[in-house]
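Raw contents of protein00.cif, mmCIF, C-alpha atoms:
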data_entry
#
loop_
_atom_site.label_atom_id
_atom_site.label_comp_id
_atom_site.auth_asym_id
_atom_site.auth_seq_id
_atom_site.Cartn_x
_atom_site.Cartn_y
_atom_site.Cartn_z
CA MET M 1 189.40 -33.06 52.79
CA PRO M 2 190.81 -30.38 50.44
CA ARG M 3 191.52 -27.15 52.27
CA LYS M 4 189.30 -25.01 50.04
CA LYS M 5 186.27 -27.23 50.53
CA PHE M 6 186.80 -27.21 54.28
CA LEU M 7 186.96 -23.43 54.35
CA VAL M 8 183.74 -23.11 52.33
CA MET M 9 181.95 -25.55 54.60
CA ALA M 10 183.20 -23.72 57.67
CA LEU M 11 182.06 -20.39 56.25
CA ILE M 12 178.56 -21.80 55.86
CA ALA M 13 178.52 -23.79 59.06
CA ILE M 14 179.71 -21.08 61.42
CA PRO M 15 176.88 -18.59 60.79
CA VAL M 16 174.34 -21.43 60.87
CA LEU M 17 175.69 -22.63 64.20
CA LEU M 18 175.78 -19.08 65.53
CA VAL M 19 172.14 -18.49 64.61
CA LEU M 20 171.13 -21.81 66.11
CA GLY M 21 173.25 -21.10 69.16
CA MET M 22 171.80 -17.64 69.65
CA GLY M 23 168.27 -18.93 69.23
CA SER M 24 168.60 -21.41 72.06
CA GLY M 25 171.27 -19.38 73.87
CA TRP M 26 168.82 -16.73 75.00
CA ALA M 27 166.77 -19.20 76.99
CA GLN M 28 169.89 -20.77 78.44
CA LEU M 29 171.76 -17.92 80.07
CA LYS M 30 174.51 -19.54 82.12
CA VAL M 31 176.70 -18.52 84.99
CA GLY M 32 179.77 -16.92 83.45
CA ASP M 33 177.86 -15.34 80.56
CA GLU M 34 177.76 -11.62 80.02
CA ALA M 35 174.52 -10.22 81.38
CA PRO M 36 172.21 -8.83 78.68
CA SER M 37 171.89 -5.08 79.07
CA PHE M 38 168.56 -3.30 79.50
CA THR M 39 166.92 0.09 79.88
CA LEU M 40 163.48 0.03 81.46
CA PRO M 41 161.07 2.35 83.29
CA SER M 42 161.00 1.89 87.04
CA SER M 43 158.64 2.31 89.97
CA GLN M 44 160.79 5.22 91.16
CA GLY M 45 159.83 7.44 88.25
CA LYS M 46 162.98 7.15 86.16
CA LEU M 47 164.62 4.86 83.63
CA VAL M 48 166.95 2.21 84.93
CA ASP M 49 169.84 1.51 82.60
CA TYR M 50 172.19 -1.35 83.41
CA TYR M 51 175.34 0.24 82.09
CA LYS M 52 174.67 3.66 83.52
CA ASP M 53 173.44 2.58 86.95
CA TYR M 54 175.20 -0.64 87.82
CA TYR M 55 178.02 -1.66 85.49
CA GLY M 56 181.40 -1.00 87.07
CA LYS M 57 179.73 0.24 90.24
CA HIS M 58 177.66 -2.37 92.03
CA HIS M 59 176.85 -6.05 92.01
CA LEU M 60 173.22 -6.54 91.11
CA VAL M 61 170.63 -8.88 92.58
CA MET M 62 167.71 -9.10 90.15
CA THR M 63 164.51 -10.68 91.26
CA PHE M 64 162.02 -11.59 88.53
CA PHE M 65 158.49 -11.89 89.80
CA PRO M 66 155.61 -12.08 87.36
CA ALA M 67 152.97 -9.95 89.04
CA ALA M 68 152.74 -7.33 91.73
CA PHE M 69 150.49 -7.96 94.73
CA THR M 70 151.02 -11.69 94.54
CA PRO M 71 152.61 -13.45 97.51
CA VAL M 72 156.33 -12.79 97.46
CA MET L 3 160.78 -9.15 98.29
CA GLU L 4 160.52 -8.10 101.91
CA ALA L 5 163.50 -10.30 102.64
CA HIS L 6 165.57 -8.28 100.17
CA ASN L 7 164.35 -5.11 101.85
CA ARG L 8 165.36 -6.48 105.22
CA ASP L 9 168.84 -7.25 103.91
CA LEU L 10 169.45 -3.89 102.23
CA TYR L 11 171.82 -2.71 104.97
CA LEU L 12 173.94 -5.79 104.27
CA TYR L 13 173.75 -5.39 100.48
CA LYS L 14 175.03 -1.84 100.93
CA ARG L 15 178.08 -3.08 102.83
CA LEU L 16 178.60 -5.64 100.08
CA ASN L 17 178.38 -3.00 97.35
CA ALA L 18 175.28 -4.65 95.90
CA ARG L 19 171.97 -3.28 94.73
CA VAL L 20 168.57 -4.92 94.30
CA LEU L 21 166.26 -4.62 91.31
CA GLY L 22 162.83 -6.15 90.91
CA VAL L 23 161.51 -7.06 87.46
CA SER L 24 157.80 -7.55 86.88
CA MET L 25 155.32 -7.54 84.02
CA ASP L 26 153.21 -4.77 85.50
CA ASP L 27 153.30 -1.16 84.42
CA PRO L 28 155.39 1.38 86.38
CA MET L 29 152.39 2.80 88.31
CA THR L 30 151.29 -0.62 89.55
CA ASN L 31 154.85 -1.38 90.52
CA LYS L 32 155.08 1.94 92.34
CA PHE L 33 151.98 1.16 94.42
CA PHE L 34 153.20 -2.34 95.07
CA ALA L 35 156.61 -1.07 96.21
CA GLU L 36 154.89 1.46 98.49
CA SER L 37 152.60 -1.18 99.99
CA LEU L 38 155.64 -3.22 101.02
CA ALA L 39 157.74 -0.14 101.85
CA LEU L 40 160.39 -1.40 99.41
CA GLU L 41 163.46 0.74 99.10
CA PHE L 42 164.68 -0.56 95.79
CA PRO L 43 163.24 -0.01 92.30
CA ILE L 44 161.09 -2.38 90.29
CA VAL L 45 161.34 -2.16 86.51
CA SER L 46 158.50 -2.91 84.12
CA ASN L 47 159.14 -5.56 81.55
CA VAL L 48 155.65 -5.63 80.08
CA LEU L 49 156.46 -7.60 76.96
CA GLY L 50 158.75 -10.00 78.71
CA TRP L 51 161.73 -9.69 76.36
CA MET L 52 164.15 -9.02 79.17
CA ALA L 53 162.85 -11.95 81.13
CA LYS L 54 163.37 -14.07 78.03
CA SER L 55 166.97 -13.03 77.69
CA TYR L 56 167.49 -13.77 81.38
CA GLY L 57 165.98 -17.22 81.01
CA SER L 58 162.84 -16.65 83.05
CA TYR L 59 160.89 -18.30 80.28
CA SER L 60 162.85 -21.53 80.53
CA ASP L 61 159.71 -23.66 80.60
CA LYS L 62 157.44 -21.89 78.11
CA PRO L 63 157.59 -19.33 75.29
CA PRO L 64 156.95 -15.66 76.03
CA PHE L 65 153.97 -15.55 73.68
CA GLY L 66 151.15 -18.04 73.30
CA PRO L 67 150.02 -19.26 69.88
CA ASP L 68 147.27 -16.60 69.78
CA GLY L 69 149.75 -13.82 70.53
CA SER L 70 148.80 -13.46 74.20
CA ILE L 71 151.65 -12.81 76.60
CA ASN L 72 152.65 -15.58 78.99
CA THR L 73 153.82 -14.56 82.42
CA PHE L 74 157.43 -15.34 83.17
CA GLY L 75 158.57 -17.36 86.16
CA ARG L 76 160.23 -16.29 89.39
CA ARG L 77 163.96 -16.12 89.05
CA THR L 78 166.89 -14.62 90.89
CA VAL L 79 169.97 -13.51 88.99
CA VAL L 80 173.15 -12.12 90.52
CA ILE L 81 175.43 -10.13 88.23
CA ASP L 82 178.82 -8.98 89.43
CA LYS L 83 179.89 -5.42 88.84
CA LYS L 84 181.76 -6.39 85.70
CA GLY L 85 178.52 -7.49 84.12
CA ILE L 86 179.05 -11.24 84.42
CA VAL L 87 176.24 -13.53 85.57
CA ARG L 88 177.35 -15.27 88.75
CA HIS L 89 174.14 -16.93 89.98
CA LEU L 90 170.84 -18.10 88.49
CA LYS L 91 168.03 -19.70 90.42
CA ASN L 92 164.39 -20.36 89.59
CA GLY L 93 161.69 -20.04 92.19
CA SER L 94 161.85 -18.06 95.42
CA PRO L 95 165.24 -16.64 96.33
CA ASP L 96 167.45 -18.09 99.06
CA ASN L 97 168.56 -14.88 100.71
CA GLU L 98 171.28 -16.49 102.81
CA GLU L 99 172.78 -18.03 99.69
CA ILE L 100 172.72 -14.65 97.92
CA LEU L 101 174.44 -12.89 100.82
CA GLN L 102 177.17 -15.47 101.00
CA LEU L 103 177.75 -15.22 97.27
CA LEU L 104 177.95 -11.41 97.46
CA LEU L 105 180.51 -11.68 100.26
CA LYS L 106 182.56 -14.02 98.08
CA LEU L 107 182.28 -11.64 95.10
CA GLU L 108 183.23 -8.55 97.03
CA LYS L 109 186.23 -10.31 98.58
CA GLU L 110 187.23 -11.46 95.10
CA PHE L 111 187.03 -7.95 93.69
CA ARG L 112 189.03 -6.54 96.55
CA GLY L 113 191.62 -9.29 96.36
CA LEU L 114 190.83 -10.50 99.87
CA LYS L 115 190.96 -14.08 101.11
CA MET Y 14 174.06 -23.32 103.27
CA LYS Y 15 173.10 -25.88 100.61
CA GLN Y 16 173.42 -28.50 103.34
CA LYS Y 17 171.09 -26.54 105.56
CA MET Y 18 168.50 -26.36 102.78
CA LYS Y 19 168.59 -30.11 102.27
CA PHE Y 20 168.37 -30.69 106.01
CA THR Y 21 165.35 -28.47 106.33
CA GLY Y 22 163.78 -29.95 103.22
CA ILE Y 23 163.94 -33.56 104.33
CA LEU Y 24 163.20 -32.84 107.96
CA GLY Y 25 160.67 -30.20 107.05
CA THR Y 26 158.60 -32.63 105.08
CA ALA Y 27 159.02 -35.26 107.77
CA ALA Y 28 158.20 -32.72 110.45
CA ALA Y 29 155.04 -31.72 108.61
CA VAL Y 30 153.93 -35.33 108.70
CA VAL Y 31 155.07 -35.70 112.29
CA ALA Y 32 153.30 -32.49 113.26
CA MET Y 33 150.11 -33.73 111.67
CA ILE Y 34 150.42 -37.05 113.49
CA GLY Y 35 151.28 -35.13 116.63
CA ILE Y 36 148.11 -33.09 116.37
CA LEU Y 37 146.01 -36.22 115.89
CA ALA Y 38 147.80 -38.03 118.68
CA GLY Y 39 147.34 -35.02 120.91
CA CYS Y 40 143.61 -35.04 120.37
CA ALA Y 41 143.21 -38.77 120.81
CA THR Y 42 145.60 -39.76 123.56
CA MET Y 43 146.51 -36.47 125.29
CA GLY Y 44 150.15 -37.48 125.18
CA GLU Y 45 153.05 -37.78 122.77
CA LYS Y 46 156.69 -38.86 122.91
CA ALA Y 47 159.30 -36.11 122.93
CA LYS Y 48 160.67 -35.49 119.44
CA PRO Y 49 164.38 -36.03 118.84
CA THR Y 50 164.71 -32.36 117.86
CA MET Y 51 163.99 -31.36 121.48
CA VAL Y 52 166.32 -32.64 124.18
CA PRO Y 53 165.21 -32.12 127.79
CA THR Y 54 167.60 -30.58 130.32
CA GLU Y 55 167.61 -30.86 134.09
CA ARG Y 56 166.57 -27.20 134.24
CA GLY Y 57 163.03 -28.01 133.10
CA THR Y 58 163.77 -26.65 129.64
CA VAL Y 59 164.45 -28.26 126.26
CA LEU Y 60 167.28 -27.74 123.80
CA PHE Y 61 165.98 -27.34 120.26
CA LEU Y 62 168.42 -28.50 117.55
CA ASP Y 63 171.27 -26.98 119.62
CA LYS Y 64 170.02 -23.57 118.50
CA TYR Y 65 167.57 -22.55 121.19
CA GLU Y 66 166.66 -23.37 124.76
CA PHE Y 67 163.20 -22.72 126.20
CA LYS Y 68 160.44 -24.01 128.45
CA ARG Y 69 158.08 -25.90 126.15
CA PRO Y 70 154.29 -26.16 126.67
CA PRO Y 71 152.76 -29.47 127.92
CA GLN Y 72 152.90 -32.65 125.85
CA ASN Y 73 149.44 -32.17 124.35
CA TRP Y 74 150.80 -29.27 122.27
CA ALA Y 75 152.14 -30.41 118.89
CA LEU Y 76 155.50 -29.17 117.67
CA MET Y 77 155.48 -27.39 114.33
CA LYS Y 78 158.84 -27.08 112.66
CA ASN Y 79 159.70 -24.84 109.74
CA LEU Y 80 158.33 -26.42 106.58
CA GLU Y 81 160.13 -25.99 103.29
CA GLY Y 82 159.82 -22.29 102.52
CA GLY Y 83 157.77 -21.86 105.66
CA ASP Y 84 157.13 -18.70 107.60
CA PHE Y 85 158.63 -19.43 111.00
CA GLU Y 86 161.47 -21.20 112.77
CA LEU Y 87 159.51 -23.29 115.25
CA GLY Y 88 156.14 -23.28 116.91
CA PHE Y 89 153.59 -25.15 118.96
CA MET Y 90 149.93 -25.78 118.29
CA LEU Y 91 147.09 -26.78 120.58
CA ILE Y 92 143.77 -27.99 119.22
CA GLU Y 93 141.31 -27.07 121.94
CA ARG Y 94 137.89 -28.39 122.88
CA GLY Y 95 135.01 -26.53 121.30
CA ALA Y 96 133.52 -25.71 117.94
CA PHE Y 97 135.80 -24.89 115.01
CA PRO Y 98 138.04 -22.91 115.10
CA SER Y 99 139.30 -23.54 118.61
CA GLN Y 100 143.06 -23.56 118.66
CA THR Y 101 146.08 -21.66 119.85
CA THR Y 102 149.38 -21.50 118.01
CA PHE Y 103 152.55 -19.76 119.00
CA MET Y 104 155.88 -19.50 117.27
CA TYR Y 105 159.31 -18.00 117.08
CA ASP Y 106 159.53 -16.17 113.74
CA ASP Y 107 162.97 -14.81 112.93
CA GLN Y 108 161.71 -12.80 109.92
CA PRO Y 109 158.59 -10.86 110.91
CA TYR Y 110 156.83 -8.71 108.30
CA GLY Y 111 158.60 -5.51 107.37
CA GLY Y 112 162.13 -4.32 106.68
CA SER Y 113 162.86 -1.46 109.06
CA GLN Y 114 165.44 -1.94 111.78
CA ASP Y 115 163.60 0.52 114.04
CA LEU Y 116 161.17 -1.18 116.43
CA GLU Y 117 158.43 1.47 116.28
CA THR Y 118 158.49 1.67 112.48
CA ARG Y 119 158.57 -2.10 112.19
CA ALA Y 120 155.68 -2.50 114.63
CA LYS Y 121 153.56 -0.03 112.66
CA TYR Y 122 154.16 -1.85 109.39
CA TYR Y 123 153.80 -5.27 111.02
CA CYS Y 124 150.28 -4.46 112.20
CA THR Y 125 149.20 -3.70 108.62
CA ARG Y 126 150.34 -7.14 107.47
CA PHE Y 127 149.65 -9.44 110.41
CA LEU Y 128 146.76 -11.78 109.55
CA PHE Y 129 146.04 -9.54 106.56
CA ASN Y 130 144.52 -12.26 104.42
CA SER Y 131 142.41 -13.87 107.15
CA GLY Y 132 139.52 -11.44 106.76
CA ILE Y 133 139.89 -10.50 110.43
CA ASP Y 134 139.34 -6.83 111.23
CA LEU Y 135 142.33 -6.52 113.57
CA ARG Y 136 142.78 -3.83 116.25
CA VAL Y 137 145.77 -3.11 118.45
CA THR Y 138 144.44 -3.15 122.02
CA LYS Y 139 147.80 -2.55 123.72
CA GLN Y 140 151.31 -1.56 122.70
CA GLU Y 141 154.20 -1.14 125.13
CA LYS Y 142 157.97 -1.09 125.27
CA VAL Y 143 159.44 -4.03 127.16
CA THR Y 144 162.78 -5.79 127.63
CA LEU Y 145 163.29 -9.47 126.84
CA ASP Y 146 166.52 -11.15 127.86
CA GLY Y 147 168.18 -7.74 127.89
CA LYS Y 148 166.96 -6.85 124.42
CA ASP Y 149 164.63 -3.97 123.56
CA ALA Y 150 161.21 -5.12 122.44
CA ILE Y 151 157.68 -4.00 121.73
CA ALA Y 152 154.74 -6.05 123.04
CA LEU Y 153 151.55 -5.86 120.99
CA SER Y 154 148.10 -7.15 121.91
CA LEU Y 155 145.72 -7.51 118.99
CA GLU Y 156 142.13 -8.66 118.60
CA GLY Y 157 139.64 -8.91 115.78
CA GLU Y 158 136.56 -10.60 114.36
CA ASN Y 159 135.35 -11.92 111.03
CA PRO Y 160 131.58 -12.41 111.51
CA ASN Y 161 131.17 -13.60 107.90
CA ARG Y 162 133.19 -16.69 108.71
CA ASP Y 163 132.08 -16.92 112.35
CA GLU Y 164 135.69 -16.50 113.50
CA LYS Y 165 137.55 -14.27 115.90
CA ALA Y 166 141.17 -14.11 116.97
CA LYS Y 167 143.27 -12.74 119.81
CA SER Y 168 147.03 -12.34 119.46
CA LYS Y 169 150.07 -11.37 121.45
CA VAL Y 170 153.19 -10.35 119.52
CA TYR Y 171 156.68 -9.49 120.71
CA LEU Y 172 158.97 -7.73 118.24
CA VAL Y 173 162.51 -7.94 119.59
CA LYS Y 174 165.66 -6.10 118.51
CA LYS Y 175 168.41 -8.68 118.11
CA GLY Y 176 171.58 -7.05 116.88
CA ASN Y 177 170.77 -5.30 113.61
CA ARG Y 178 167.63 -7.28 113.01
CA ILE Y 179 164.19 -7.69 114.49
CA ILE Y 180 162.79 -11.10 115.41
CA SER Y 181 159.39 -12.00 116.80
CA PHE Y 182 157.38 -14.25 119.04
CA VAL Y 183 153.73 -14.56 118.06
CA CYS Y 184 150.75 -16.25 119.73
CA THR Y 185 147.30 -16.41 118.12
CA GLN Y 186 144.18 -17.93 119.58
CA TRP Y 187 141.15 -18.63 117.37
CA ARG Y 188 137.53 -19.04 118.46
CA PRO Y 189 134.09 -19.07 116.84
CA MET Y 190 132.30 -15.75 117.29
CA ASN Y 191 130.42 -16.95 120.39
CA GLY Y 192 133.45 -18.74 121.87
CA THR Y 193 135.37 -17.66 124.97
CA TYR Y 194 139.09 -16.90 124.89
CA ALA Y 195 141.21 -18.90 127.35
CA GLN Y 196 144.13 -17.41 129.26
CA GLU Y 197 146.09 -20.63 129.96
CA PRO Y 198 147.51 -21.09 126.41
CA PHE Y 199 148.73 -17.49 126.54
CA ASP Y 200 150.44 -18.22 129.87
CA TYR Y 201 152.38 -21.08 128.23
CA PHE Y 202 153.36 -18.66 125.46
CA GLU Y 203 154.65 -16.14 128.02
CA THR Y 204 156.71 -18.85 129.71
CA PHE Y 205 158.12 -19.87 126.31
CA VAL Y 206 159.08 -16.31 125.48
CA GLN Y 207 160.52 -15.36 128.86
CA SER Y 208 162.62 -18.54 129.01
CA PHE Y 209 163.81 -18.39 125.36
CA LYS Y 210 167.59 -18.38 124.94
CA PHE Y 211 169.75 -18.36 121.81
CA LEU Y 212 172.48 -20.97 122.12
CA LYS Y 213 174.62 -19.75 119.27
CA LYS Y 214 175.07 -16.89 116.82
CA ASP Y 215 172.59 -16.87 113.98
CA PHE Y 216 173.41 -16.59 110.28
CA TYR Y 217 173.23 -12.80 110.21
CA GLU Y 218 175.36 -12.23 113.29
CA THR Y 219 178.05 -14.49 111.84
CA LEU Y 220 177.79 -12.80 108.44
CA GLU Y 221 178.14 -9.34 109.95
CA GLU Y 222 181.26 -10.49 111.79
CA ASP Y 223 182.66 -11.83 108.51
CA LEU Y 224 181.92 -8.49 106.86
CA THR Y 225 183.71 -6.57 109.60
CA LYS Y 226 186.68 -8.94 109.44
CA ALA Y 227 186.88 -8.38 105.68
CA GLY Y 228 186.81 -4.62 106.19
CA LEU Y 229 183.41 -4.26 104.53
#

For the structure just supplied, provide its representation as structure tokens.
Amino acid sequence: MPRKKFLVMALIAIPVLLVLGMGSGWAQLKVGDEAPSFTLPSSQGKLVDYYKDYYGKHHLVMTFFPAAFTPV
Amino acid sequence: MEAHNRDLYLYKRLNARVLGVSMDDPMTNKFFAESLALEFPIVSNVLGWMAKSYGSYSDKPPFGPDGSINTFGRRTVVIDKKGIVRHLKNGSPDNEEILQLLLKLEKEFRGLK
Amino acid sequence: MKQKMKFTGILGTAAAVVAMIGILAGCATMGEKAKPTMVPTERGTVLFLDKYEFKRPPQNWALMKNLEGGDFELGFMLIERGAFPSQTTFMYDDQPYGGSQDLETRAKYYCTRFLFNSGIDLRVTKQEKVTLDGKDAIALSLEGENPNRDEKAKSKVYLVKKGNRIISFVCTQWRPMNGTYAQEPFDYFETFVQSFKFLKKDFYETLEEDLTKAGL
């Protein structure tokens, strides 16, 4: 197809695909992806910040468990 | 959780740290950590957004139709020290698998065979 | 390790069924065939999956193997004559409650968690330092009652220091409140524990060697 038309279509399609991709991408974190950063309050009385506390320093094992005092 | 606590001396040698993520508030998490004598922190993700971005809501949305918060599922994630996700697993963690992966990662980072 | 998970999964489920059949067979016929997972030796012991060697209890005890995500490596169960609950179970548990590598600290924590959701009001009746197969250990005797459920229990626990970790042997006998505890099942437990040998390095010992080799 003519080059101009292709460029216009690409300019529309790319953001649409990105939005769609991001929407489903969040629920489909894959091995090899960059880990989303976070800053959250902890049980040890201070904020835990991924980039300050772990990035470049330690590997991190994160264990998501929905509720405290349930069998773990 | 206790299994992670038991393995802390190995995680230390492997340059790894452990972090728990739950939906409870920091005080509840503090009491929970004390009851199990856990020596790693637990962060509070009350609204579940972090769990969403880490895929712990793979089978349901974080909020119900009436706006109530759904609990997220158990998940283990291993991130290497360059911030790349290296392991994702739903359900209870396989501690032996995690340790072997960490050994592989640390060897990789140190250029060892 | 993935292979090991599959192995346990398939065998675990099969073993659960086998264990259930074993319990029923034990009650009905007072006898059961040896399971392929236990190979008898001429020393009067059995080899278990080439991992352990020990003197097993008599044939009327059913073998319990680690179920998928289960809490112990292997164990034996005896359904005894008498009103419910009348049974004794003992097991080798390589991951007892707690995380400390110090025996005393671990024992203290262990006692707060042992049988914690059974409603039994547990007391430590005896605690002493012992040696098992050359390893430092703590032997605990515990007893407790739950009158609301007409149940009581008596337990013997060994927490053993194996390298950098602590493993355990646990025996628990249940009775109704007016039942009488029997010594004989505990004697079989003692024989099991005293004769127990590890035939090869476990996962953690091997891993620690790998770490040292890698300079970590």

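Here CA of Tyr110 (chain Y) is placed at a distance of 26.0 Å from CA of Asp223 (chain Y).
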
Requested in this report: Identify every residue of chain L that has at least one atom within 7 Å of any atom of chain M, counting only C-alpha atoms, and report the result as number ranges by chain.
Outcome: L: 3, 17-26, 28-29, 31-32, 34, 43-46, 54-57, 59-60, 73-90

Restrict the selected residues to C-alpha atoms and save them as a JSON list (two decimals), in the frame of the given file.
[["chain", "number", "residue", "atom", "x", "y", "z"],
["L", 3, "MET", "CA", 160.78, -9.15, 98.29],
["L", 17, "ASN", "CA", 178.38, -3.00, 97.35],
["L", 18, "ALA", "CA", 175.28, -4.65, 95.90],
["L", 19, "ARG", "CA", 171.97, -3.28, 94.73],
["L", 20, "VAL", "CA", 168.57, -4.92, 94.30],
["L", 21, "LEU", "CA", 166.26, -4.62, 91.31],
["L", 22, "GLY", "CA", 162.83, -6.15, 90.91],
["L", 23, "VAL", "CA", 161.51, -7.06, 87.46],
["L", 24, "SER", "CA", 157.80, -7.55, 86.88],
["L", 25, "MET", "CA", 155.32, -7.54, 84.02],
["L", 26, "ASP", "CA", 153.21, -4.77, 85.50],
["L", 28, "PRO", "CA", 155.39, 1.38, 86.38],
["L", 29, "MET", "CA", 152.39, 2.80, 88.31],
["L", 31, "ASN", "CA", 154.85, -1.38, 90.52],
["L", 32, "LYS", "CA", 155.08, 1.94, 92.34],
["L", 34, "PHE", "CA", 153.20, -2.34, 95.07],
["L", 43, "PRO", "CA", 163.24, -0.01, 92.30],
["L", 44, "ILE", "CA", 161.09, -2.38, 90.29],
["L", 45, "VAL", "CA", 161.34, -2.16, 86.51],
["L", 46, "SER", "CA", 158.50, -2.91, 84.12],
["L", 54, "LYS", "CA", 163.37, -14.07, 78.03],
["L", 55, "SER", "CA", 166.97, -13.03, 77.69],
["L", 56, "TYR", "CA", 167.49, -13.77, 81.38],
["L", 57, "GLY", "CA", 165.98, -17.22, 81.01],
["L", 59, "TYR", "CA", 160.89, -18.30, 80.28],
["L", 60, "SER", "CA", 162.85, -21.53, 80.53],
["L", 73, "THR", "CA", 153.82, -14.56, 82.42],
["L", 74, "PHE", "CA", 157.43, -15.34, 83.17],
["L", 75, "GLY", "CA", 158.57, -17.36, 86.16],
["L", 76, "ARG", "CA", 160.23, -16.29, 89.39],
["L", 77, "ARG", "CA", 163.96, -16.12, 89.05],
["L", 78, "THR", "CA", 166.89, -14.62, 90.89],
["L", 79, "VAL", "CA", 169.97, -13.51, 88.99],
["L", 80, "VAL", "CA", 173.15, -12.12, 90.52],
["L", 81, "ILE", "CA", 175.43, -10.13, 88.23],
["L", 82, "ASP", "CA", 178.82, -8.98, 89.43],
["L", 83, "LYS", "CA", 179.89, -5.42, 88.84],
["L", 84, "LYS", "CA", 181.76, -6.39, 85.70],
["L", 85, "GLY", "CA", 178.52, -7.49, 84.12],
["L", 86, "ILE", "CA", 179.05, -11.24, 84.42],
["L", 87, "VAL", "CA", 176.24, -13.53, 85.57],
["L", 88, "ARG", "CA", 177.35, -15.27, 88.75],
["L", 89, "HIS", "CA", 174.14, -16.93, 89.98],
["L", 90, "LEU", "CA", 170.84, -18.10, 88.49]]

**Report entry** Residue members of the PyMOL selection byres ((chain L) within 8 of (chain Y)) in the file shown, as a PyMOL selection string
**Finding:** chain L and resi 4-5+7-9+12+15-16+38-39+98-99+102+105+109+114

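In this structure, CA of Ala96 (chain Y) sits 12.5 Å away from CA of Tyr194 (chain Y).
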
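Atom pair CA of Lys62 (chain L) / CA of Leu49 (chain L): separated by 14.4 Å.
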
Reconstruct N, CA and C atoms of region 35-50 of chain L from the incomplete input and present them as a JSON list (two decimals), keeping the file's coordinate frame.
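Here's the written file result-v9.json:
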[["chain", "number", "residue", "atom", "x", "y", "z"],
["L", 35, "ALA", "N", 155.40, -1.37, 95.43],
["L", 35, "ALA", "CA", 156.61, -1.07, 96.21],
["L", 35, "ALA", "C", 156.25, -0.28, 97.46],
["L", 36, "GLU", "N", 155.31, 0.66, 97.33],
["L", 36, "GLU", "CA", 154.89, 1.46, 98.49],
["L", 36, "GLU", "C", 154.18, 0.60, 99.52],
["L", 37, "SER", "N", 153.36, -0.36, 99.04],
["L", 37, "SER", "CA", 152.60, -1.18, 99.99],
["L", 37, "SER", "C", 153.53, -2.05, 100.84],
["L", 38, "LEU", "N", 154.69, -2.41, 100.26],
["L", 38, "LEU", "CA", 155.64, -3.22, 101.02],
["L", 38, "LEU", "C", 156.79, -2.38, 101.57],
["L", 39, "ALA", "N", 156.68, -1.06, 101.40],
["L", 39, "ALA", "CA", 157.74, -0.14, 101.85],
["L", 39, "ALA", "C", 159.10, -0.56, 101.30],
["L", 40, "LEU", "N", 159.13, -0.97, 100.03],
["L", 40, "LEU", "CA", 160.39, -1.40, 99.41],
["L", 40, "LEU", "C", 161.27, -0.21, 99.10],
["L", 41, "GLU", "N", 162.55, -0.37, 99.38],
["L", 41, "GLU", "CA", 163.46, 0.74, 99.10],
["L", 41, "GLU", "C", 164.38, 0.46, 97.92],
["L", 42, "PHE", "N", 163.91, -0.36, 97.01],
["L", 42, "PHE", "CA", 164.68, -0.56, 95.79],
["L", 42, "PHE", "C", 163.69, -0.49, 94.62],
["L", 43, "PRO", "N", 164.18, -0.18, 93.40],
["L", 43, "PRO", "CA", 163.24, -0.01, 92.30],
["L", 43, "PRO", "C", 162.76, -1.33, 91.70],
["L", 44, "ILE", "N", 161.61, -1.24, 91.05],
["L", 44, "ILE", "CA", 161.09, -2.38, 90.29],
["L", 44, "ILE", "C", 160.92, -1.88, 88.86],
["L", 45, "VAL", "N", 161.51, -2.59, 87.91],
["L", 45, "VAL", "CA", 161.34, -2.16, 86.51],
["L", 45, "VAL", "C", 160.21, -2.94, 85.85],
["L", 46, "SER", "N", 159.62, -2.29, 84.84],
["L", 46, "SER", "CA", 158.50, -2.91, 84.12],
["L", 46, "SER", "C", 158.99, -3.56, 82.86],
["L", 47, "ASN", "N", 158.79, -4.84, 82.77],
["L", 47, "ASN", "CA", 159.14, -5.56, 81.55],
["L", 47, "ASN", "C", 157.84, -6.15, 80.99],
["L", 48, "VAL", "N", 157.01, -5.25, 80.46],
["L", 48, "VAL", "CA", 155.65, -5.63, 80.08],
["L", 48, "VAL", "C", 155.60, -6.72, 79.02],
["L", 49, "LEU", "N", 156.50, -6.61, 78.03],
["L", 49, "LEU", "CA", 156.46, -7.60, 76.96],
["L", 49, "LEU", "C", 157.36, -8.81, 77.21],
["L", 50, "GLY", "N", 158.02, -8.80, 78.32],
["L", 50, "GLY", "CA", 158.75, -10.00, 78.71],
["L", 50, "GLY", "C", 160.06, -10.28, 77.99]]
